[in-house]
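This report refers to the structure that appears directly beneath it.
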Amino acid sequence: MQSPHENWTLVTEFVLASFTGIQEAWLPLFGFFLIMYLLTLMENGILVLVVATGKRLHTPMYFFLIHLSFLDIWYTSLTVPKMLAGFGYPAGQRISYSACLTQLYLFTFLGSTECFLLAAMAYDRYVAICIPLRYQEIVDQNTCLILAIGSWLTGFLTPVLPVYFMSQLTFCGPNVIDHFFCDASPLLILSCTDISLKESVDFLVSLFVLLISSSVIITSYVHIIITVLRINSSVGRQRAFSTCTAHLMVVAVFYGTLFFMYVRIKVTSSINLNKVVSVFYAIVTPVLNPLIYSLRNTEVKAALCRIIFKKKPVVM
(Lines give C-alpha, C1' and ligand atoms only; values in the text may rest on other atoms or scores of the structure.)
Protein backbone atom coordinates (compact mmCIF):
# COMPACT_ATOMS: atom_id res chain seq x y z
CA MET A 1 0.00 0.00 0.00
CA GLN A 2 1.19 3.51 -0.74
CA SER A 3 1.43 5.95 2.14
CA PRO A 4 -0.67 9.12 1.93
CA HIS A 5 1.01 12.08 0.26
CA GLU A 6 1.58 15.01 2.63
CA ASN A 7 -0.42 17.36 0.37
CA TRP A 8 -3.46 15.06 0.09
CA THR A 9 -6.68 16.03 1.84
CA LEU A 10 -8.15 12.81 3.18
CA VAL A 11 -11.85 12.14 2.62
CA THR A 12 -13.93 11.86 5.80
CA GLU A 13 -17.32 11.45 4.11
CA PHE A 14 -18.73 10.41 0.75
CA VAL A 15 -21.67 11.56 -1.33
CA LEU A 16 -23.93 8.87 -2.81
CA ALA A 17 -24.85 10.22 -6.24
CA SER A 18 -27.53 7.52 -6.57
CA PHE A 19 -29.61 8.37 -9.65
CA THR A 20 -28.74 12.06 -9.88
CA GLY A 21 -28.69 13.38 -13.44
CA ILE A 22 -32.25 12.32 -14.12
CA GLN A 23 -33.96 14.94 -11.97
CA GLU A 24 -36.96 15.12 -14.29
CA ALA A 25 -37.75 11.44 -13.63
CA TRP A 26 -36.91 11.28 -9.92
CA LEU A 27 -40.53 11.12 -8.77
CA PRO A 28 -41.51 8.00 -10.82
CA LEU A 29 -38.27 6.31 -9.73
CA PHE A 30 -38.93 7.23 -6.11
CA GLY A 31 -42.42 5.75 -6.36
CA PHE A 32 -41.12 2.58 -8.03
CA PHE A 33 -38.44 1.89 -5.42
CA LEU A 34 -40.77 2.77 -2.54
CA ILE A 35 -43.38 0.30 -3.83
CA MET A 36 -40.71 -2.38 -4.30
CA TYR A 37 -39.45 -1.84 -0.76
CA LEU A 38 -42.92 -1.98 0.77
CA LEU A 39 -43.70 -5.12 -1.23
CA THR A 40 -40.50 -6.71 0.06
CA LEU A 41 -41.46 -6.00 3.66
CA MET A 42 -45.06 -7.14 3.15
CA GLU A 43 -44.37 -10.33 1.17
CA ASN A 44 -41.53 -11.57 3.33
CA GLY A 45 -43.35 -10.57 6.53
CA ILE A 46 -46.44 -12.51 5.43
CA LEU A 47 -44.30 -15.52 4.55
CA VAL A 48 -42.68 -15.53 7.99
CA LEU A 49 -46.10 -15.23 9.66
CA VAL A 50 -47.64 -18.01 7.56
CA VAL A 51 -44.78 -20.44 8.15
CA ALA A 52 -44.56 -19.63 11.86
CA THR A 53 -48.29 -20.20 12.44
CA GLY A 54 -48.78 -23.13 10.06
CA LYS A 55 -47.84 -26.40 11.79
CA ARG A 56 -47.83 -28.24 8.46
CA LEU A 57 -45.08 -25.92 7.26
CA HIS A 58 -42.69 -26.69 10.09
CA THR A 59 -40.34 -28.57 7.75
CA PRO A 60 -36.66 -28.00 6.84
CA MET A 61 -37.52 -26.37 3.49
CA TYR A 62 -39.70 -23.70 5.10
CA PHE A 63 -37.25 -23.34 7.98
CA PHE A 64 -34.65 -22.15 5.47
CA LEU A 65 -37.24 -19.99 3.71
CA ILE A 66 -37.85 -18.06 6.95
CA HIS A 67 -34.14 -17.33 7.16
CA LEU A 68 -34.15 -16.24 3.53
CA SER A 69 -37.11 -13.92 4.17
CA PHE A 70 -35.44 -12.27 7.17
CA LEU A 71 -32.28 -11.87 5.12
CA ASP A 72 -34.15 -10.24 2.21
CA ILE A 73 -35.80 -7.76 4.57
CA TRP A 74 -32.44 -6.70 6.00
CA TYR A 75 -30.85 -6.76 2.55
CA THR A 76 -33.17 -4.11 1.13
CA SER A 77 -33.48 -2.15 4.38
CA LEU A 78 -29.72 -1.65 4.33
CA THR A 79 -29.79 0.33 1.07
CA VAL A 80 -33.27 1.41 -0.06
CA PRO A 81 -34.35 3.77 2.79
CA LYS A 82 -31.15 5.84 2.49
CA MET A 83 -31.46 5.83 -1.29
CA LEU A 84 -35.06 7.08 -1.07
CA ALA A 85 -34.01 9.82 1.35
CA GLY A 86 -31.57 11.15 -1.25
CA PHE A 87 -34.02 11.32 -4.16
CA GLY A 88 -34.64 14.76 -5.59
CA TYR A 89 -31.43 16.25 -4.14
CA PRO A 90 -28.84 17.09 -6.83
CA ALA A 91 -26.06 17.05 -4.24
CA GLY A 92 -26.83 13.44 -3.38
CA GLN A 93 -26.90 11.78 0.02
CA ARG A 94 -23.94 12.18 2.37
CA ILE A 95 -22.52 9.23 4.27
CA SER A 96 -19.54 9.16 6.61
CA TYR A 97 -16.43 7.13 5.82
CA SER A 98 -17.04 4.69 8.69
CA ALA A 99 -20.75 4.34 7.85
CA CYS A 100 -19.83 3.63 4.23
CA LEU A 101 -17.46 0.81 5.21
CA THR A 102 -20.07 -0.54 7.63
CA GLN A 103 -22.69 -0.60 4.89
CA LEU A 104 -20.24 -2.36 2.56
CA TYR A 105 -19.47 -4.94 5.26
CA LEU A 106 -23.13 -5.67 6.05
CA PHE A 107 -24.14 -5.82 2.39
CA THR A 108 -21.36 -8.31 1.62
CA PHE A 109 -22.25 -10.30 4.74
CA LEU A 110 -25.91 -10.63 3.74
CA GLY A 111 -25.13 -11.44 0.12
CA SER A 112 -22.65 -14.16 1.13
CA THR A 113 -25.11 -15.60 3.65
CA GLU A 114 -27.76 -15.87 0.94
CA CYS A 115 -25.34 -17.87 -1.21
CA PHE A 116 -24.78 -20.39 1.58
CA LEU A 117 -28.49 -20.54 2.47
CA LEU A 118 -29.32 -21.36 -1.16
CA ALA A 119 -26.68 -24.10 -1.03
CA ALA A 120 -28.23 -25.50 2.17
CA MET A 121 -31.66 -25.52 0.48
CA ALA A 122 -30.20 -27.39 -2.49
CA TYR A 123 -28.78 -30.02 -0.11
CA ASP A 124 -32.20 -30.32 1.53
CA ARG A 125 -33.83 -30.97 -1.88
CA TYR A 126 -31.11 -33.51 -2.71
CA VAL A 127 -31.79 -35.56 0.43
CA ALA A 128 -35.59 -35.27 0.01
CA ILE A 129 -35.52 -36.59 -3.58
CA CYS A 130 -32.48 -38.86 -3.68
CA ILE A 131 -32.64 -40.38 -0.16
CA PRO A 132 -36.33 -39.96 0.79
CA LEU A 133 -36.46 -42.89 3.23
CA ARG A 134 -33.71 -41.35 5.37
CA TYR A 135 -34.80 -37.72 4.95
CA GLN A 136 -36.08 -37.18 8.49
CA GLU A 137 -33.03 -38.93 9.91
CA ILE A 138 -30.47 -36.90 7.92
CA VAL A 139 -32.12 -33.48 7.76
CA ASP A 140 -33.31 -33.29 11.35
CA GLN A 141 -33.62 -30.23 13.58
CA ASN A 142 -29.96 -30.28 14.59
CA THR A 143 -28.81 -30.49 10.97
CA CYS A 144 -31.01 -27.54 10.01
CA LEU A 145 -29.64 -25.45 12.87
CA ILE A 146 -26.05 -26.34 11.96
CA LEU A 147 -26.60 -25.44 8.30
CA ALA A 148 -28.38 -22.17 9.16
CA ILE A 149 -25.84 -21.07 11.79
CA GLY A 150 -22.99 -22.11 9.49
CA SER A 151 -24.45 -20.03 6.65
CA TRP A 152 -24.82 -16.91 8.81
CA LEU A 153 -21.41 -17.32 10.47
CA THR A 154 -19.53 -17.96 7.22
CA GLY A 155 -21.35 -15.04 5.61
CA PHE A 156 -20.39 -12.80 8.54
CA LEU A 157 -16.70 -13.71 8.21
CA THR A 158 -16.58 -13.33 4.42
CA PRO A 159 -16.22 -9.50 4.30
CA VAL A 160 -13.45 -9.34 6.93
CA LEU A 161 -10.50 -9.35 4.51
CA PRO A 162 -12.14 -7.31 1.70
CA VAL A 163 -13.28 -4.55 4.06
CA TYR A 164 -9.96 -4.56 5.93
CA PHE A 165 -8.04 -3.99 2.70
CA MET A 166 -10.59 -1.34 1.68
CA SER A 167 -9.93 0.48 4.97
CA GLN A 168 -6.21 0.55 4.15
CA LEU A 169 -6.78 2.52 0.95
CA THR A 170 -6.50 6.30 0.87
CA PHE A 171 -9.32 8.47 -0.45
CA CYS A 172 -8.29 12.05 -1.16
CA GLY A 173 -11.04 13.28 -3.48
CA PRO A 174 -13.28 13.40 -5.35
CA ASN A 175 -15.68 11.87 -2.83
CA VAL A 176 -18.78 11.30 -5.00
CA ILE A 177 -19.77 7.62 -5.23
CA ASP A 178 -21.67 7.08 -8.47
CA HIS A 179 -23.97 4.49 -6.95
CA PHE A 180 -26.95 4.23 -4.57
CA PHE A 181 -24.96 2.45 -1.85
CA CYS A 182 -21.34 1.89 -0.83
CA ASP A 183 -20.32 -0.94 -3.13
CA ALA A 184 -16.71 -2.01 -3.68
CA SER A 185 -16.40 -1.20 -7.38
CA PRO A 186 -17.40 2.52 -7.30
CA LEU A 187 -15.39 2.99 -4.09
CA LEU A 188 -12.21 1.63 -5.67
CA ILE A 189 -12.50 4.13 -8.51
CA LEU A 190 -12.14 6.96 -5.95
CA SER A 191 -9.00 5.62 -4.30
CA CYS A 192 -5.77 7.61 -4.65
CA THR A 193 -3.58 4.59 -3.96
CA ASP A 194 -2.77 1.36 -5.75
CA ILE A 195 -5.84 -0.92 -5.71
CA SER A 196 -4.37 -4.00 -7.40
CA LEU A 197 -4.01 -5.98 -4.15
CA LYS A 198 -7.52 -5.01 -3.05
CA GLU A 199 -8.95 -6.09 -6.44
CA SER A 200 -7.19 -9.45 -6.18
CA VAL A 201 -8.51 -10.01 -2.64
CA ASP A 202 -12.06 -9.15 -3.74
CA PHE A 203 -11.80 -11.48 -6.71
CA LEU A 204 -10.47 -14.41 -4.69
CA VAL A 205 -12.96 -14.02 -1.82
CA SER A 206 -15.90 -13.64 -4.22
CA LEU A 207 -14.72 -16.60 -6.26
CA PHE A 208 -14.35 -18.71 -3.11
CA VAL A 209 -17.87 -17.92 -1.86
CA LEU A 210 -19.55 -18.39 -5.23
CA LEU A 211 -17.64 -21.53 -6.22
CA ILE A 212 -18.13 -23.28 -2.87
CA SER A 213 -21.85 -22.54 -2.69
CA SER A 214 -22.53 -23.11 -6.40
CA SER A 215 -20.56 -26.39 -6.32
CA VAL A 216 -22.89 -27.68 -3.60
CA ILE A 217 -25.91 -26.59 -5.65
CA ILE A 218 -24.63 -28.09 -8.92
CA THR A 219 -23.61 -31.37 -7.28
CA SER A 220 -26.98 -31.64 -5.55
CA TYR A 221 -28.92 -31.04 -8.75
CA VAL A 222 -26.81 -33.44 -10.80
CA HIS A 223 -27.79 -36.20 -8.36
CA ILE A 224 -31.40 -34.97 -8.35
CA ILE A 225 -31.64 -35.06 -12.15
CA ILE A 226 -30.13 -38.55 -12.30
CA THR A 227 -32.57 -39.79 -9.65
CA VAL A 228 -35.61 -38.17 -11.25
CA LEU A 229 -34.78 -39.56 -14.70
CA ARG A 230 -34.84 -43.04 -13.20
CA ILE A 231 -38.46 -42.60 -12.09
CA ASN A 232 -40.70 -44.60 -14.41
CA SER A 233 -43.84 -42.51 -13.91
CA SER A 234 -43.99 -39.22 -15.82
CA VAL A 235 -46.26 -37.85 -13.09
CA GLY A 236 -43.67 -38.77 -10.48
CA ARG A 237 -40.90 -37.08 -12.47
CA GLN A 238 -42.95 -33.93 -12.90
CA ARG A 239 -43.82 -33.84 -9.20
CA ALA A 240 -40.17 -34.27 -8.21
CA PHE A 241 -38.98 -31.54 -10.58
CA SER A 242 -41.74 -29.17 -9.43
CA THR A 243 -40.28 -29.14 -5.90
CA CYS A 244 -37.01 -27.80 -7.31
CA THR A 245 -38.18 -25.37 -10.01
CA ALA A 246 -38.59 -22.35 -7.75
CA HIS A 247 -35.20 -22.85 -6.13
CA LEU A 248 -33.48 -23.20 -9.52
CA MET A 249 -35.12 -20.01 -10.84
CA VAL A 250 -33.91 -17.89 -7.92
CA VAL A 251 -30.45 -19.48 -7.98
CA ALA A 252 -30.08 -18.71 -11.70
CA VAL A 253 -31.07 -15.04 -11.26
CA PHE A 254 -29.12 -14.44 -8.04
CA TYR A 255 -25.90 -16.20 -9.03
CA GLY A 256 -25.96 -14.82 -12.57
CA THR A 257 -25.93 -11.22 -11.33
CA LEU A 258 -23.38 -11.91 -8.58
CA PHE A 259 -20.91 -13.58 -10.96
CA PHE A 260 -21.23 -10.58 -13.27
CA MET A 261 -20.76 -8.03 -10.48
CA TYR A 262 -18.06 -9.49 -8.26
CA VAL A 263 -16.00 -12.20 -9.95
CA ARG A 264 -13.90 -9.68 -11.85
CA ILE A 265 -10.29 -8.68 -11.35
CA LYS A 266 -10.64 -5.21 -12.86
CA VAL A 267 -13.15 -2.53 -11.95
CA THR A 268 -15.67 -2.14 -14.73
CA SER A 269 -16.02 1.21 -16.45
CA SER A 270 -19.75 0.83 -17.00
CA ILE A 271 -21.14 2.34 -13.80
CA ASN A 272 -24.66 2.63 -15.19
CA LEU A 273 -24.68 -1.09 -16.00
CA ASN A 274 -23.49 -1.79 -12.46
CA LYS A 275 -26.41 0.21 -11.09
CA VAL A 276 -28.95 -1.71 -13.17
CA VAL A 277 -27.55 -5.08 -12.12
CA SER A 278 -27.33 -3.94 -8.48
CA VAL A 279 -30.97 -2.84 -8.54
CA PHE A 280 -31.90 -6.27 -9.84
CA TYR A 281 -30.22 -8.37 -7.15
CA ALA A 282 -30.52 -5.90 -4.26
CA ILE A 283 -34.10 -4.69 -4.78
CA VAL A 284 -35.98 -6.77 -7.37
CA THR A 285 -34.83 -10.24 -6.27
CA PRO A 286 -36.02 -9.84 -2.63
CA VAL A 287 -39.47 -8.99 -4.01
CA LEU A 288 -39.51 -12.01 -6.31
CA ASN A 289 -38.13 -14.56 -3.82
CA PRO A 290 -41.29 -15.08 -1.72
CA LEU A 291 -43.45 -15.13 -4.86
CA ILE A 292 -41.30 -17.66 -6.67
CA TYR A 293 -40.52 -19.82 -3.66
CA SER A 294 -43.65 -19.94 -1.61
CA LEU A 295 -46.63 -17.78 -2.47
CA ARG A 296 -47.17 -19.93 -5.56
CA ASN A 297 -46.92 -23.06 -3.41
CA THR A 298 -50.25 -24.76 -2.66
CA GLU A 299 -49.28 -25.50 0.95
CA VAL A 300 -48.44 -21.85 1.64
CA LYS A 301 -51.61 -20.68 -0.13
CA ALA A 302 -53.69 -23.03 2.00
CA ALA A 303 -52.02 -21.83 5.20
CA LEU A 304 -52.55 -18.20 4.17
CA CYS A 305 -56.22 -18.84 3.46
CA ARG A 306 -56.65 -20.45 6.89
CA ILE A 307 -55.23 -17.30 8.51
CA ILE A 308 -57.36 -14.88 6.47
CA PHE A 309 -60.64 -16.78 6.55
CA LYS A 310 -60.33 -18.24 10.02
CA LYS A 311 -63.76 -18.23 11.64
CA LYS A 312 -64.11 -16.09 14.70
CA PRO A 313 -65.93 -17.50 17.72
CA VAL A 314 -69.58 -16.50 17.88
CA VAL A 315 -70.38 -14.24 20.84
CA MET A 316 -73.66 -15.27 22.50
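Letters A, B, ... mark the chains of the C-alpha coordinates in the order given; residue numbers begin at 1 per chain; ligand numbers begin at 1, in order shown.
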
I'd like to know which residues of range 12-188 of chain A are helix (DSSP H, G or I) (by DSSP, run on the backbone); could you write them as a ChimeraX atom specification?
/A:23-53,55-57,60-77,80-85,97-130,132-138,141-157,160-167,184-188

Write out as a list in words each polymer residue whose atoms come within 6 Å of range 214-229 of chain A, counting only C-alpha atoms; drop sequence neighbours fewer than 2 positions from it.
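My list of contacting residues is Ala119, Ala122, Tyr123, Tyr126, Leu210, Leu211, Ile212, Ile231 and Arg237 of chain A.
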
Could you list, as a ChimeraX atom specification, every residue within 12 Å of Ile149 in chain A, counting only C-alpha atoms and ignoring same-chain residues fewer than 3 positions away?
/A:64,67,113,116-117,120,142-146,152-156

Of A:Cys172, A:Leu157, A:Ala184, A:Ala52, the one sitting nearest Ser278 in chain A when using only C-alpha atoms is A:Ala184

Contact residues around Val250 in chain A with only C-alpha atoms at 8 Å, ignoring same-chain residues under 3 positions, as a ChimeraX atom specification
/A:246-247,253-254,285,289,292

In range 102-250 of chain A, what's strand (DSSP E or B) per DSSP? Answer as an MDAnalysis selection string?
chainID A and resid 171 176:177 191

I'd like to know which of A:Val300, A:Leu39, A:Leu27, A:Ile189 is closest to Pro286 in chain A, using only C-alpha atoms.
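The shortest atom-to-atom distance to Pro286 in chain A comes from A:Leu39.
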
Using CA of Val163 in chain A and CA of Leu84 in chain A as the two end points, give the distance in Å to one decimal.
25.2 Å

Which residue gives the smallest distance to Arg125 in chain A among A:Cys244, A:Ala282, A:Ile95, A:Cys305, with only C-alpha atoms counted?
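That would be A:Cys244, the residue with the smallest distance to Arg125 in chain A.
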
Would you mind telling me which residue in A:Val139, A:Ile129, A:Val276, A:Glu299 lies nearest to Gly236 in chain A when using only C-alpha atoms?
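So, comparing all the options, the nearest one is A:Ile129.
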
To one decimal place, how far is CA of Gly45 in chain A from CA of Lys82 in chain A in Å?
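CA of Gly45 in chain A sits 20.8 Å away from CA of Lys82 in chain A.
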
Mind pulling up the distance from CA of Val287 in chain A to CA of Val80 in chain A?
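Going from CA of Val80 in chain A over to CA of Val287 in chain A, I get 12.7 Å.
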
Excluding same-chain residues fewer than 4 positions from Leu34 in chain A, what lies within 10 Å of it counting only C-alpha atoms, as JSON, numbers by chain?
{"A": [28, 29, 30, 38, 39, 40, 80, 81, 83, 84]}
